[in-house]
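Structure below is structure-v8.cif: mmCIF, C-alpha atoms and all ligand atoms.
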data_query
loop_
_atom_site.label_atom_id
_atom_site.label_comp_id
_atom_site.auth_asym_id
_atom_site.auth_seq_id
_atom_site.Cartn_x
_atom_site.Cartn_y
_atom_site.Cartn_z
CA MET A 1 -4.38 -46.81 4.09
CA GLU A 2 -0.89 -45.34 4.01
CA PRO A 3 -0.15 -42.99 6.93
CA LEU A 4 -0.40 -39.32 6.00
CA SER A 5 3.22 -38.64 6.99
CA VAL A 6 4.50 -41.19 4.43
CA GLY A 7 2.51 -39.54 1.68
CA ALA A 8 3.75 -36.16 2.87
CA GLN A 9 7.36 -37.28 2.65
CA ARG A 10 6.85 -38.54 -0.86
CA GLU A 11 5.18 -35.33 -1.92
CA LEU A 12 7.98 -33.24 -0.42
CA ARG A 13 10.64 -35.33 -2.17
CA ALA A 14 8.81 -34.92 -5.47
CA ARG A 15 8.78 -31.17 -4.98
CA ILE A 16 12.49 -31.07 -4.27
CA GLY A 17 13.12 -33.20 -7.38
CA ALA A 18 11.07 -30.82 -9.53
CA SER A 19 12.78 -27.68 -8.09
CA ARG A 20 9.43 -26.63 -6.64
CA TYR A 21 10.32 -26.84 -3.00
CA ARG A 22 9.59 -23.59 -1.19
CA ARG A 23 11.29 -22.40 1.92
CA ARG A 24 11.17 -19.32 4.06
CA ARG A 25 14.22 -17.18 4.78
CA THR A 26 14.43 -15.52 8.15
CA LYS A 27 15.02 -11.80 8.07
CA GLU A 28 16.59 -9.99 11.00
CA GLY A 29 16.10 -6.31 11.65
CA PRO A 30 14.05 -3.82 9.68
CA GLN A 31 13.06 -3.79 6.01
CA GLY A 32 15.13 -1.66 3.69
CA ALA A 33 17.39 -1.69 0.64
CA GLU A 34 19.84 -3.76 2.66
CA VAL A 35 18.55 -6.43 5.02
CA VAL A 36 19.95 -9.31 7.04
CA SER A 37 18.61 -12.54 5.61
CA GLU A 38 19.62 -15.83 7.24
CA GLY A 39 22.37 -14.00 9.09
CA LYS A 40 23.80 -12.51 5.90
CA ARG A 41 23.72 -8.87 4.83
CA VAL A 42 22.13 -8.69 1.36
CA LEU A 43 20.67 -6.19 -1.05
CA ASP A 44 16.94 -6.82 -1.11
CA PHE A 45 15.08 -6.81 -4.43
CA SER A 46 12.33 -9.13 -3.25
CA SER A 47 10.21 -6.83 -1.11
CA ASN A 48 6.91 -5.16 -2.04
CA ASP A 49 7.90 -2.13 0.03
CA TYR A 50 7.98 0.00 -3.14
CA LEU A 51 8.16 3.36 -1.40
CA GLY A 52 10.51 2.40 1.42
CA LEU A 53 7.87 2.97 4.11
CA ALA A 54 7.94 -0.35 5.99
CA ALA A 55 10.59 0.83 8.45
CA HIS A 56 9.73 4.53 8.36
CA PRO A 57 10.02 6.17 11.81
CA ARG A 58 6.79 8.13 11.29
CA LEU A 59 4.89 4.86 10.84
CA SER A 60 6.39 3.34 13.98
CA GLY A 61 5.79 6.66 15.78
CA ALA A 62 2.09 6.59 14.90
CA PHE A 63 2.01 2.93 15.87
CA THR A 64 3.53 3.42 19.33
CA GLN A 65 1.41 6.48 20.05
CA ALA A 66 -1.78 4.55 19.27
CA LEU A 67 -0.41 1.60 21.23
CA ARG A 68 -0.25 3.74 24.36
CA GLN A 69 -3.81 4.91 23.82
CA PHE A 70 -5.53 1.72 22.63
CA GLY A 71 -3.29 -1.14 23.71
CA VAL A 72 -2.32 -3.97 21.39
CA GLY A 73 -5.28 -6.21 20.60
CA SER A 74 -8.59 -5.23 19.06
CA GLY A 75 -10.57 -7.62 21.25
CA GLY A 76 -12.83 -9.19 18.67
CA SER A 77 -14.43 -9.07 15.28
CA PRO A 78 -15.53 -5.65 14.04
CA LEU A 79 -19.15 -6.58 14.74
CA ILE A 80 -18.43 -7.70 18.28
CA GLY A 81 -16.35 -5.05 19.96
CA GLY A 82 -13.30 -4.96 17.68
CA TYR A 83 -14.27 -1.85 15.70
CA THR A 84 -11.97 0.79 17.18
CA ARG A 85 -11.79 4.52 16.52
CA PRO A 86 -8.52 4.30 14.52
CA ILE A 87 -10.22 1.87 12.12
CA ARG A 88 -13.27 4.10 11.79
CA GLU A 89 -11.04 7.10 11.05
CA LEU A 90 -8.97 5.08 8.61
CA GLU A 91 -12.11 4.02 6.73
CA ARG A 92 -13.23 7.62 6.46
CA GLU A 93 -9.84 8.63 5.15
CA LEU A 94 -9.72 5.77 2.64
CA ALA A 95 -13.12 6.78 1.25
CA GLU A 96 -11.79 10.27 0.67
CA PHE A 97 -8.46 8.98 -0.69
CA THR A 98 -10.19 6.80 -3.30
CA GLY A 99 -13.03 9.24 -4.05
CA ARG A 100 -15.62 6.68 -3.00
CA ALA A 101 -18.60 7.05 -0.65
CA ARG A 102 -17.31 4.54 1.88
CA ALA A 103 -14.52 2.09 2.65
CA LEU A 104 -14.31 -1.03 4.77
CA VAL A 105 -11.12 -2.34 6.38
CA PHE A 106 -10.20 -6.05 6.37
CA SER A 107 -7.30 -7.80 8.10
CA SER A 108 -5.62 -8.76 4.82
CA GLY A 109 -6.00 -8.52 1.06
CA TYR A 110 -6.66 -12.23 0.78
CA LEU A 111 -9.51 -11.91 3.25
CA ALA A 112 -10.87 -8.79 1.56
CA ASN A 113 -11.04 -10.56 -1.80
CA LEU A 114 -12.71 -13.63 -0.31
CA GLY A 115 -15.17 -11.59 1.72
CA VAL A 116 -16.17 -9.14 -0.99
CA ILE A 117 -16.54 -11.57 -3.89
CA ALA A 118 -18.10 -14.43 -1.95
CA GLY A 119 -20.24 -11.94 -0.02
CA LEU A 120 -21.74 -10.28 -3.09
CA ALA A 121 -21.62 -12.83 -5.93
CA SER A 122 -24.01 -15.74 -5.86
CA ARG A 123 -24.05 -19.23 -7.33
CA ARG A 124 -26.22 -18.03 -10.18
CA ASP A 125 -23.68 -15.39 -11.23
CA THR A 126 -20.83 -15.63 -13.71
CA VAL A 127 -17.43 -14.25 -12.71
CA PHE A 128 -14.99 -13.33 -15.51
CA MET A 129 -11.38 -13.28 -14.40
CA ASP A 130 -8.12 -12.40 -16.07
CA ARG A 131 -6.19 -15.64 -16.47
CA LEU A 132 -3.27 -14.29 -14.42
CA ASN A 133 -5.34 -13.05 -11.48
CA HIS A 134 -3.90 -13.53 -7.99
CA ALA A 135 -4.72 -16.77 -6.15
CA SER A 136 -6.91 -14.89 -3.66
CA LEU A 137 -9.21 -13.72 -6.46
CA ILE A 138 -9.47 -17.19 -7.97
CA ASP A 139 -10.18 -18.68 -4.54
CA ALA A 140 -12.82 -16.03 -3.94
CA GLY A 141 -14.59 -16.97 -7.17
CA LEU A 142 -14.51 -20.64 -6.16
CA LEU A 143 -15.81 -19.85 -2.69
CA ALA A 144 -18.69 -17.83 -4.15
CA GLY A 145 -19.69 -20.96 -6.07
CA ALA A 146 -20.26 -18.81 -9.15
CA GLU A 147 -19.54 -19.93 -12.68
CA LEU A 148 -15.88 -18.98 -13.29
CA LYS A 149 -14.69 -17.92 -16.73
CA ARG A 150 -11.06 -16.98 -17.23
CA TYR A 151 -10.20 -14.72 -20.15
CA PRO A 152 -6.76 -14.34 -21.79
CA HIS A 153 -4.46 -11.97 -19.93
CA ARG A 154 -5.33 -8.28 -20.44
CA ASN A 155 -7.47 -9.16 -23.43
CA ALA A 156 -10.45 -6.78 -23.40
CA SER A 157 -11.82 -7.98 -26.73
CA ALA A 158 -11.83 -11.63 -25.58
CA LEU A 159 -13.56 -10.44 -22.42
CA SER A 160 -16.08 -8.55 -24.52
CA LYS A 161 -16.84 -11.67 -26.56
CA ALA A 162 -17.26 -13.77 -23.42
CA LEU A 163 -19.55 -11.18 -21.86
CA ARG A 164 -21.66 -11.02 -25.01
CA SER A 165 -22.21 -14.76 -25.08
CA SER A 166 -23.24 -14.88 -21.42
CA LYS A 167 -26.98 -14.48 -20.93
CA GLU A 168 -29.33 -13.89 -18.01
CA ASN A 169 -26.90 -14.40 -15.13
CA ARG A 170 -25.54 -11.43 -13.28
CA LYS A 171 -22.00 -10.82 -14.51
CA TRP A 172 -18.85 -9.83 -12.64
CA VAL A 173 -15.48 -8.86 -14.02
CA VAL A 174 -12.53 -9.18 -11.67
CA THR A 175 -9.02 -8.01 -12.48
CA GLU A 176 -5.85 -6.79 -10.85
CA SER A 177 -4.83 -3.28 -11.85
CA VAL A 178 -1.10 -4.14 -11.71
CA PHE A 179 -0.41 -7.84 -12.13
CA SER A 180 1.63 -9.01 -9.19
CA MET A 181 4.06 -11.33 -10.99
CA ASP A 182 4.28 -9.50 -14.33
CA GLY A 183 4.03 -5.87 -13.28
CA ASP A 184 1.92 -4.94 -16.31
CA LEU A 185 -1.29 -2.90 -16.13
CA ALA A 186 -4.79 -4.09 -16.97
CA PRO A 187 -6.42 -2.07 -19.78
CA LEU A 188 -8.90 -0.67 -17.27
CA PRO A 189 -10.60 1.94 -19.51
CA GLU A 190 -11.46 -0.76 -22.09
CA ILE A 191 -12.52 -3.24 -19.43
CA ALA A 192 -14.69 -0.65 -17.69
CA ALA A 193 -16.32 0.24 -21.02
CA ARG A 194 -17.14 -3.44 -21.74
CA CYS A 195 -18.58 -3.77 -18.23
CA ARG A 196 -20.82 -0.79 -18.92
CA ASP A 197 -21.90 -2.24 -22.30
CA TYR A 198 -22.84 -5.61 -20.81
CA GLU A 199 -23.96 -4.44 -17.36
CA ALA A 200 -21.25 -6.34 -15.56
CA MET A 201 -20.05 -5.41 -12.08
CA LEU A 202 -16.33 -4.52 -12.09
CA LEU A 203 -14.00 -5.26 -9.17
CA VAL A 204 -10.41 -4.06 -9.41
CA ASP A 205 -7.70 -5.32 -7.06
CA GLU A 206 -5.20 -2.48 -6.66
CA ALA A 207 -2.82 -4.33 -4.31
CA HIS A 208 0.18 -3.22 -6.39
CA GLY A 209 -1.43 -0.05 -7.74
CA ILE A 210 -2.12 1.90 -4.55
CA GLY A 211 0.83 4.08 -3.59
CA VAL A 212 2.63 3.60 -6.90
CA TYR A 213 0.30 4.82 -9.67
CA GLY A 214 -2.25 7.60 -10.03
CA PRO A 215 -2.40 11.11 -8.58
CA GLY A 216 -1.05 11.00 -5.03
CA GLY A 217 -0.67 7.22 -5.30
CA THR A 218 -4.43 6.68 -5.49
CA GLY A 219 -4.02 3.80 -7.93
CA VAL A 220 -4.38 2.83 -11.57
CA SER A 221 -8.15 3.38 -11.64
CA ALA A 222 -7.57 6.99 -10.61
CA HIS A 223 -4.70 7.26 -13.10
CA PHE A 224 -7.26 6.47 -15.83
CA GLY A 225 -9.88 8.73 -14.23
CA LEU A 226 -12.23 5.82 -13.49
CA ASP A 227 -14.66 6.81 -10.77
CA CYS A 228 -17.07 4.83 -8.61
CA THR A 229 -19.48 4.33 -11.52
CA ALA A 230 -16.79 2.79 -13.74
CA VAL A 231 -15.12 0.82 -10.93
CA PRO A 232 -17.82 0.17 -8.32
CA LEU A 233 -15.59 -2.04 -6.14
CA LEU A 234 -11.97 -1.12 -5.54
CA ILE A 235 -9.73 -3.26 -3.34
CA GLY A 236 -6.47 -1.95 -1.95
CA THR A 237 -3.95 -3.45 0.43
CA PHE A 238 -1.63 -1.95 3.04
CA GLY A 239 1.03 -4.67 2.79
CA LYS A 240 2.66 -3.52 -0.44
CA ALA A 241 3.53 0.15 -1.11
CA LEU A 242 2.15 1.28 2.26
CA GLY A 243 4.65 -0.98 3.98
CA LEU A 244 2.23 -2.36 6.58
CA ALA A 245 -0.50 -5.04 6.54
CA GLY A 246 -4.25 -5.18 6.02
CA ALA A 247 -6.60 -4.14 3.23
CA PHE A 248 -9.79 -2.32 2.30
CA VAL A 249 -12.61 -2.25 -0.19
CA ALA A 250 -14.06 1.09 -1.31
CA GLY A 251 -17.41 1.61 -3.01
CA SER A 252 -20.94 2.94 -2.67
CA ALA A 253 -22.59 3.28 0.74
CA GLU A 254 -25.06 0.49 -0.12
CA LEU A 255 -22.42 -2.03 -1.16
CA ILE A 256 -20.25 -1.34 1.88
CA GLU A 257 -23.27 -1.60 4.19
CA LEU A 258 -24.25 -4.90 2.57
CA LEU A 259 -20.70 -6.19 3.01
CA ILE A 260 -20.81 -5.37 6.72
CA GLN A 261 -23.84 -7.70 6.85
CA LYS A 262 -22.45 -10.42 4.60
CA ALA A 263 -18.66 -10.54 4.26
CA ARG A 264 -17.77 -13.59 6.32
CA THR A 265 -14.06 -12.78 6.44
CA LEU A 266 -15.02 -9.49 8.10
CA ILE A 267 -17.64 -10.91 10.45
CA TYR A 268 -15.68 -13.94 11.61
CA CYS A 269 -12.17 -12.47 11.85
CA THR A 270 -10.60 -10.52 14.67
CA ALA A 271 -10.36 -6.87 13.69
CA MET A 272 -7.05 -5.25 12.81
CA PRO A 273 -5.08 -3.98 15.84
CA PRO A 274 -5.94 -0.29 16.32
CA ALA A 275 -2.28 0.78 16.30
CA LEU A 276 -1.85 -0.75 12.86
CA ALA A 277 -4.82 1.26 11.57
CA ALA A 278 -3.26 4.41 13.02
CA SER A 279 0.02 3.75 11.23
CA VAL A 280 -1.80 3.11 7.92
CA ARG A 281 -3.25 6.63 8.30
CA GLU A 282 0.26 7.97 8.73
CA ALA A 283 1.37 6.10 5.59
CA LEU A 284 -1.50 7.74 3.66
CA THR A 285 -0.33 11.15 4.86
CA ILE A 286 3.18 10.40 3.61
CA LEU A 287 1.73 9.29 0.24
CA ARG A 288 -0.16 12.54 -0.11
CA THR A 289 2.76 14.77 0.80
CA GLU A 290 5.94 13.03 -0.36
CA HIS A 291 5.50 12.75 -4.12
CA TRP A 292 9.24 12.47 -4.48
CA ARG A 293 9.02 8.83 -3.39
CA ARG A 294 7.06 7.84 -6.52
CA GLU A 295 9.25 10.00 -8.74
CA ARG A 296 12.37 8.48 -7.24
CA LEU A 297 10.95 4.98 -7.68
CA PHE A 298 10.31 5.49 -11.39
CA GLU A 299 13.75 7.11 -11.87
CA LEU A 300 15.33 3.97 -10.41
CA VAL A 301 13.13 1.74 -12.58
CA ALA A 302 14.32 3.66 -15.66
CA ARG A 303 17.94 3.36 -14.53
CA PHE A 304 17.53 -0.39 -14.06
CA ARG A 305 15.94 -0.85 -17.48
CA GLU A 306 18.54 1.25 -19.29
CA GLY A 307 21.40 -0.58 -17.62
CA ALA A 308 19.89 -4.01 -18.17
CA GLN A 309 19.11 -3.28 -21.82
CA ARG A 310 22.63 -2.00 -22.42
CA LEU A 311 24.11 -5.25 -21.08
CA GLY A 312 21.59 -7.52 -22.78
CA VAL A 313 19.65 -8.69 -19.73
CA PRO A 314 16.30 -9.91 -21.11
CA LEU A 315 13.51 -7.65 -19.89
CA THR A 316 9.79 -7.40 -20.60
CA GLY A 317 8.19 -4.19 -21.84
CA VAL A 318 6.92 -3.27 -18.38
CA GLU A 319 8.04 0.09 -17.00
CA GLY A 320 7.02 -0.31 -13.38
CA PRO A 321 8.67 -1.39 -10.13
CA ILE A 322 7.92 -5.09 -10.73
CA GLN A 323 10.51 -6.28 -13.25
CA PRO A 324 10.21 -9.96 -14.23
CA ILE A 325 13.00 -11.78 -16.02
CA LEU A 326 11.41 -14.81 -17.64
CA LEU A 327 13.64 -17.86 -17.53
CA GLY A 328 11.06 -20.56 -18.10
CA ASP A 329 12.21 -23.59 -16.19
CA CYS A 330 12.02 -24.11 -12.45
CA ALA A 331 15.51 -25.50 -11.92
CA GLY A 332 17.16 -22.63 -13.81
CA THR A 333 15.12 -20.07 -11.92
CA ALA A 334 15.90 -21.60 -8.53
CA ALA A 335 19.59 -21.76 -9.46
CA ALA A 336 19.64 -18.13 -10.64
CA SER A 337 17.99 -16.94 -7.43
CA ALA A 338 20.49 -18.97 -5.34
CA ALA A 339 23.45 -17.68 -7.37
CA LEU A 340 22.35 -14.07 -6.80
CA MET A 341 21.91 -14.80 -3.10
CA ALA A 342 25.44 -16.15 -2.95
CA ARG A 343 26.57 -12.80 -4.39
CA GLY A 344 24.60 -10.92 -1.73
CA ILE A 345 21.48 -10.06 -3.72
CA GLN A 346 18.04 -11.31 -2.76
CA VAL A 347 15.69 -11.75 -5.72
CA ALA A 348 12.64 -14.00 -5.65
CA GLY A 349 12.64 -16.98 -8.01
CA VAL A 350 8.95 -17.41 -8.75
CA ARG A 351 7.79 -20.82 -9.98
CA PRO A 352 4.49 -22.54 -10.73
CA PRO A 353 1.84 -22.68 -9.44
CA THR A 354 2.35 -19.00 -8.55
CA VAL A 355 2.96 -18.39 -12.28
CA PRO A 356 1.83 -20.54 -15.25
CA GLU A 357 3.83 -23.63 -16.26
CA GLY A 358 6.92 -22.79 -18.29
CA THR A 359 7.06 -19.17 -17.12
CA ALA A 360 9.23 -19.42 -14.01
CA ARG A 361 11.01 -16.15 -13.48
CA LEU A 362 13.12 -13.88 -11.37
CA ARG A 363 10.82 -11.23 -9.94
CA ILE A 364 12.77 -8.10 -9.20
CA SER A 365 11.06 -5.40 -7.23
CA ILE A 366 12.53 -1.97 -7.08
CA SER A 367 11.97 0.43 -4.21
CA ALA A 368 12.43 4.13 -3.62
CA ALA A 369 14.68 3.00 -0.76
CA HIS A 370 17.30 1.71 -3.21
CA LYS A 371 20.32 3.80 -4.16
CA GLU A 372 21.69 4.17 -7.69
CA THR A 373 24.69 2.05 -6.68
CA HIS A 374 22.32 -0.76 -5.61
CA ILE A 375 20.61 -0.74 -8.98
CA ASP A 376 23.94 -0.74 -10.80
CA ARG A 377 25.17 -3.68 -8.72
CA LEU A 378 22.02 -5.64 -9.52
CA VAL A 379 22.38 -4.95 -13.24
CA ASP A 380 26.04 -6.03 -13.21
CA GLU A 381 25.30 -9.25 -11.34
CA LEU A 382 22.37 -10.09 -13.62
CA ALA A 383 24.51 -9.53 -16.70
CA LEU A 384 27.27 -11.76 -15.28
CA LEU A 385 24.77 -14.45 -14.45
CA LEU A 386 22.53 -14.38 -17.53
CA CYS A 387 24.61 -12.94 -20.35
CA ALA A 388 28.04 -14.54 -19.85
C1 LIG A 401 -0.63 -9.49 -2.11
C2 LIG A 401 -1.87 -9.52 -2.88
C3 LIG A 401 -3.09 -9.81 -2.25
C4 LIG A 401 -3.16 -10.25 -0.82
O1 LIG A 401 -2.96 -9.20 0.06
P1 LIG A 401 -2.49 -9.53 1.54
O2 LIG A 401 -2.81 -8.30 2.29
O3 LIG A 401 -1.04 -9.83 1.46
O4 LIG A 401 -3.29 -10.71 1.99
C5 LIG A 401 -4.24 -9.74 -3.00
N1 LIG A 401 -4.21 -9.43 -4.31
C6 LIG A 401 -3.06 -9.17 -4.95
C7 LIG A 401 -3.09 -8.84 -6.39
C8 LIG A 401 -1.85 -9.23 -4.26
O5 LIG A 401 -0.70 -9.01 -4.88
#

Hey, can you dump this file as structure tokens for me?
Ligand SMILES: *Cc1c(COP(=O)(O)O)cnc(C)c1O
Amino acid sequence: MEPLSVGAQRELRARIGASRYRRRRTKEGPQGAEVVSEGKRVLDFSSNDYLGLAAHPRLSGAFTQALRQFGVGSGGSPLIGGYTRPIRELERELAEFTGRARALVFSSGYLANLGVIAGLASRRDTVFMDRLNHASLIDAGLLAGAELKRYPHRNASALSKALRSSKENRKWVVTESVFSMDGDLAPLPEIAARCRDYEAMLLVDEAHGIGVYGPGGTGVSAHFGLDCTAVPLLIGTFGKALGLAGAFVAGSAELIELLIQKARTLIYCTAMPPALAASVREALTILRTEHWRRERLFELVARFREGAQRLGVPLTGVEGPIQPILLGDCAGTAAASAALMARGIQVAGVRPPTVPEGTARLRISISAAHKETHIDRLVDELALLLCA
């Protein structure tokens, strides 16, 4: 048999040839509108730090204070010594924040999705997923061993049809509230209504919804007034608008208690460092009190869209902080991202398999940390690049 390293080299060369090679850029210094990437000062439109919290002094203040009190490591899994007071307090606060009975903290959103779906769904169940769901949700469905059915993006009537034709098995519907690569919203009221009609369990991943949408940044479910009955399982992450890392699921006391027994990514993972939990609490306080951050964010989104439309930059209809510019092919997308970088602007060029074949795109994310001049610069550079 051929040595693995030879096969690896061939596979890597093929990726380079197809413009699908991925590499990591090293950032120096804190997150913000301007960052130092690979030693170069650039305007950053690639971060999920929508509210500009990742480098906020109050978050680092809460972090260092808890560090002095609790030290750095958590010592073990939550079931074996790693469940610290800051996590317990954070869970209580998240339950209140989401209007659910209880919440459970995981070390990341990927782990939360795996743990919750594989912990609660069984092989005999059917899981209906939006076709554009995040990889972690798809992987969770596969791990659960359930029958997976993917419905057309945001299509509640196709979902309804699929639910109707599915008999006997217990049914799950899993969707993002804000789609991570498209920025559009799931039609949650319609989806929740279909779930009620067909007695399906609804799980909503609010990774990009928490902090950005809904009253006080409580998410898209809350924006639509969908409570615990309509959305029994709500996942949120701390790595996007909250500027930190980690995740939670919120739901009824019974479901959370069952997950503590069964979610393998909770049971077999080291618990989140206590200082991180303490700084997530501080981020929640900022969300509740500084509404101007969301208002500012949407003002900047509107400014970007007006400017881009005026100059003919091709936009989608989405009016949120994730602004995709669909280019289609991988090589063109990689070249556009590199050309922007050369002009001092960092924008992610997203290619398959992160997005479907033929839909490679620039994914611009706007933050409350940006200034008007930053937005205007971006618009000008995009127009030069795409509309010349
Ligand atoms: C980022 C993301 C996750 C994963 O969250 P992490 O905390 O980064 O692991 C899950 N779901 C969606 C929709 C995401 O965008």

Which residues are near ligand LIG 401 (chain A) in this structure, taking near to mean any atom at most 6 Å from a ligand atom and counting all atoms listed in the file? Format them as a ChimeraX atom specification.
/A:108-110,134,136,176,180,205,207,237,239,245-247

Resulting file, chosen residues, C-alpha atoms, as an mmCIF file, in the frame of the given file:
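Printed below is result-v5.cif as written:
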data_model
loop_
_atom_site.group_PDB
_atom_site.id
_atom_site.type_symbol
_atom_site.label_atom_id
_atom_site.label_comp_id
_atom_site.auth_asym_id
_atom_site.auth_seq_id
_atom_site.Cartn_x
_atom_site.Cartn_y
_atom_site.Cartn_z
ATOM 1 C CA SER A 108 -5.620 -8.760 4.820
ATOM 2 C CA GLY A 109 -6.000 -8.520 1.060
ATOM 3 C CA TYR A 110 -6.660 -12.230 0.780
ATOM 4 C CA HIS A 134 -3.900 -13.530 -7.990
ATOM 5 C CA SER A 136 -6.910 -14.890 -3.660
ATOM 6 C CA GLU A 176 -5.850 -6.790 -10.850
ATOM 7 C CA SER A 180 1.630 -9.010 -9.190
ATOM 8 C CA ASP A 205 -7.700 -5.320 -7.060
ATOM 9 C CA ALA A 207 -2.820 -4.330 -4.310
ATOM 10 C CA THR A 237 -3.950 -3.450 0.430
ATOM 11 C CA GLY A 239 1.030 -4.670 2.790
ATOM 12 C CA ALA A 245 -0.500 -5.040 6.540
ATOM 13 C CA GLY A 246 -4.250 -5.180 6.020
ATOM 14 C CA ALA A 247 -6.600 -4.140 3.230
#

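In terms of minimum interatomic distance to Gly251 in chain A, A:Ala101 ranks closest within A:Ala308, A:Leu142, A:Ile375, A:Ala101, counting all atoms listed in the file.
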
May I ask which of the residues A:Arg303, A:Gly317, A:Glu38, A:Ala339 is the closest one to Thr373 in chain A, counting all atoms listed in the file?
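Counting all atoms listed in the file, the residue closest to Thr373 in chain A is A:Arg303.
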
Using only C-alpha atoms, what table do you get, as JSON lines, when you list each residue of range 145-238 of chain A with an atom no more than 8 Å from range 281-290 of chain A, its nearest pair of atoms, and their distance in Å rounded to one decimal, rows by chain then rising number?
{"residue": "A:Gly211", "atom": "CA", "partner": "A:Leu287", "partner_atom": "CA", "distance": 6.5}
{"residue": "A:Gly216", "atom": "CA", "partner": "A:Arg288", "partner_atom": "CA", "distance": 5.2}
{"residue": "A:Gly217", "atom": "CA", "partner": "A:Leu287", "partner_atom": "CA", "distance": 6.4}

Do a neighbour search on Gly141 in chain A at 9 Å with all atoms listed in the file, toss out local chain neighbours closer than 3 positions, and write the hits as a VMD selection string.
chain A and resid 114 117 to 118 121 127 129 136 to 138 144 to 148

What does the file look like for those residues with C-alpha atoms, as a PDB file, in the frame of the given file?
ATOM      1  CA  LEU A 114     -12.710 -13.630  -0.310  1.00  0.00           C
ATOM      2  CA  ILE A 117     -16.540 -11.570  -3.890  1.00  0.00           C
ATOM      3  CA  ALA A 118     -18.100 -14.430  -1.950  1.00  0.00           C
ATOM      4  CA  ALA A 121     -21.620 -12.830  -5.930  1.00  0.00           C
ATOM      5  CA  VAL A 127     -17.430 -14.250 -12.710  1.00  0.00           C
ATOM      6  CA  MET A 129     -11.380 -13.280 -14.400  1.00  0.00           C
ATOM      7  CA  SER A 136      -6.910 -14.890  -3.660  1.00  0.00           C
ATOM      8  CA  LEU A 137      -9.210 -13.720  -6.460  1.00  0.00           C
ATOM      9  CA  ILE A 138      -9.470 -17.190  -7.970  1.00  0.00           C
ATOM     10  CA  ALA A 144     -18.690 -17.830  -4.150  1.00  0.00           C
ATOM     11  CA  GLY A 145     -19.690 -20.960  -6.070  1.00  0.00           C
ATOM     12  CA  ALA A 146     -20.260 -18.810  -9.150  1.00  0.00           C
ATOM     13  CA  GLU A 147     -19.540 -19.930 -12.680  1.00  0.00           C
ATOM     14  CA  LEU A 148     -15.880 -18.980 -13.290  1.00  0.00           C
TER      15      LEU A 148
END

Could you jot down the CA of Asp184 in chain A to CA of Gly52 in chain A separation for me, Å, one decimal place?
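About the pair CA of Asp184 in chain A and CA of Gly52 in chain A: they are 21.0 Å apart.
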
Residues near Val105 in chain A, cut-off 9 Å, all atoms listed in the file, skip fewer than 6 positions along chain, as an NGL selection string:
:A and (87-88 or 90-91 or 112 or 246-250 or 266 or 271-272 or 277)

For the selection you just gave me, I'd like the residues written to a file as a PDB file, in the coordinates of the input, keeping C-alpha atoms.
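New file selection_23.pdb:
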ATOM      1  CA  ILE A  87     -10.220   1.870  12.120  1.00  0.00           C
ATOM      2  CA  ARG A  88     -13.270   4.100  11.790  1.00  0.00           C
ATOM      3  CA  LEU A  90      -8.970   5.080   8.610  1.00  0.00           C
ATOM      4  CA  GLU A  91     -12.110   4.020   6.730  1.00  0.00           C
ATOM      5  CA  ALA A 112     -10.870  -8.790   1.560  1.00  0.00           C
ATOM      6  CA  GLY A 246      -4.250  -5.180   6.020  1.00  0.00           C
ATOM      7  CA  ALA A 247      -6.600  -4.140   3.230  1.00  0.00           C
ATOM      8  CA  PHE A 248      -9.790  -2.320   2.300  1.00  0.00           C
ATOM      9  CA  VAL A 249     -12.610  -2.250  -0.190  1.00  0.00           C
ATOM     10  CA  ALA A 250     -14.060   1.090  -1.310  1.00  0.00           C
ATOM     11  CA  LEU A 266     -15.020  -9.490   8.100  1.00  0.00           C
ATOM     12  CA  ALA A 271     -10.360  -6.870  13.690  1.00  0.00           C
ATOM     13  CA  MET A 272      -7.050  -5.250  12.810  1.00  0.00           C
ATOM     14  CA  ALA A 277      -4.820   1.260  11.570  1.00  0.00           C
TER      15      ALA A 277
END

Slice of the block: range 35-53 of chain A, C-alpha atoms, as a CSV table (one decimal), in the first residue's frame:
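Output (selection_31.csv):
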chain,number,residue,atom,x,y,z
A,35,VAL,CA,-6.1,44.0,13.4
A,36,VAL,CA,-2.6,42.9,12.7
A,37,SER,CA,-2.8,39.9,10.4
A,38,GLU,CA,0.5,38.2,9.3
A,39,GLY,CA,2.4,41.3,10.5
A,40,LYS,CA,0.2,43.6,8.4
A,41,ARG,CA,-2.3,46.2,9.7
A,42,VAL,CA,-5.7,45.5,8.1
A,43,LEU,CA,-9.3,46.3,8.4
A,44,ASP,CA,-11.1,43.2,9.6
A,45,PHE,CA,-14.4,42.2,8.0
A,46,SER,CA,-14.0,38.5,8.7
A,47,SER,CA,-14.7,38.3,12.5
A,48,ASN,CA,-17.9,37.1,14.2
A,49,ASP,CA,-17.3,39.7,16.9
A,50,TYR,CA,-20.5,41.5,15.8
A,51,LEU,CA,-20.8,43.8,18.9
A,52,GLY,CA,-17.1,44.5,19.3
A,53,LEU,CA,-16.9,42.8,22.7
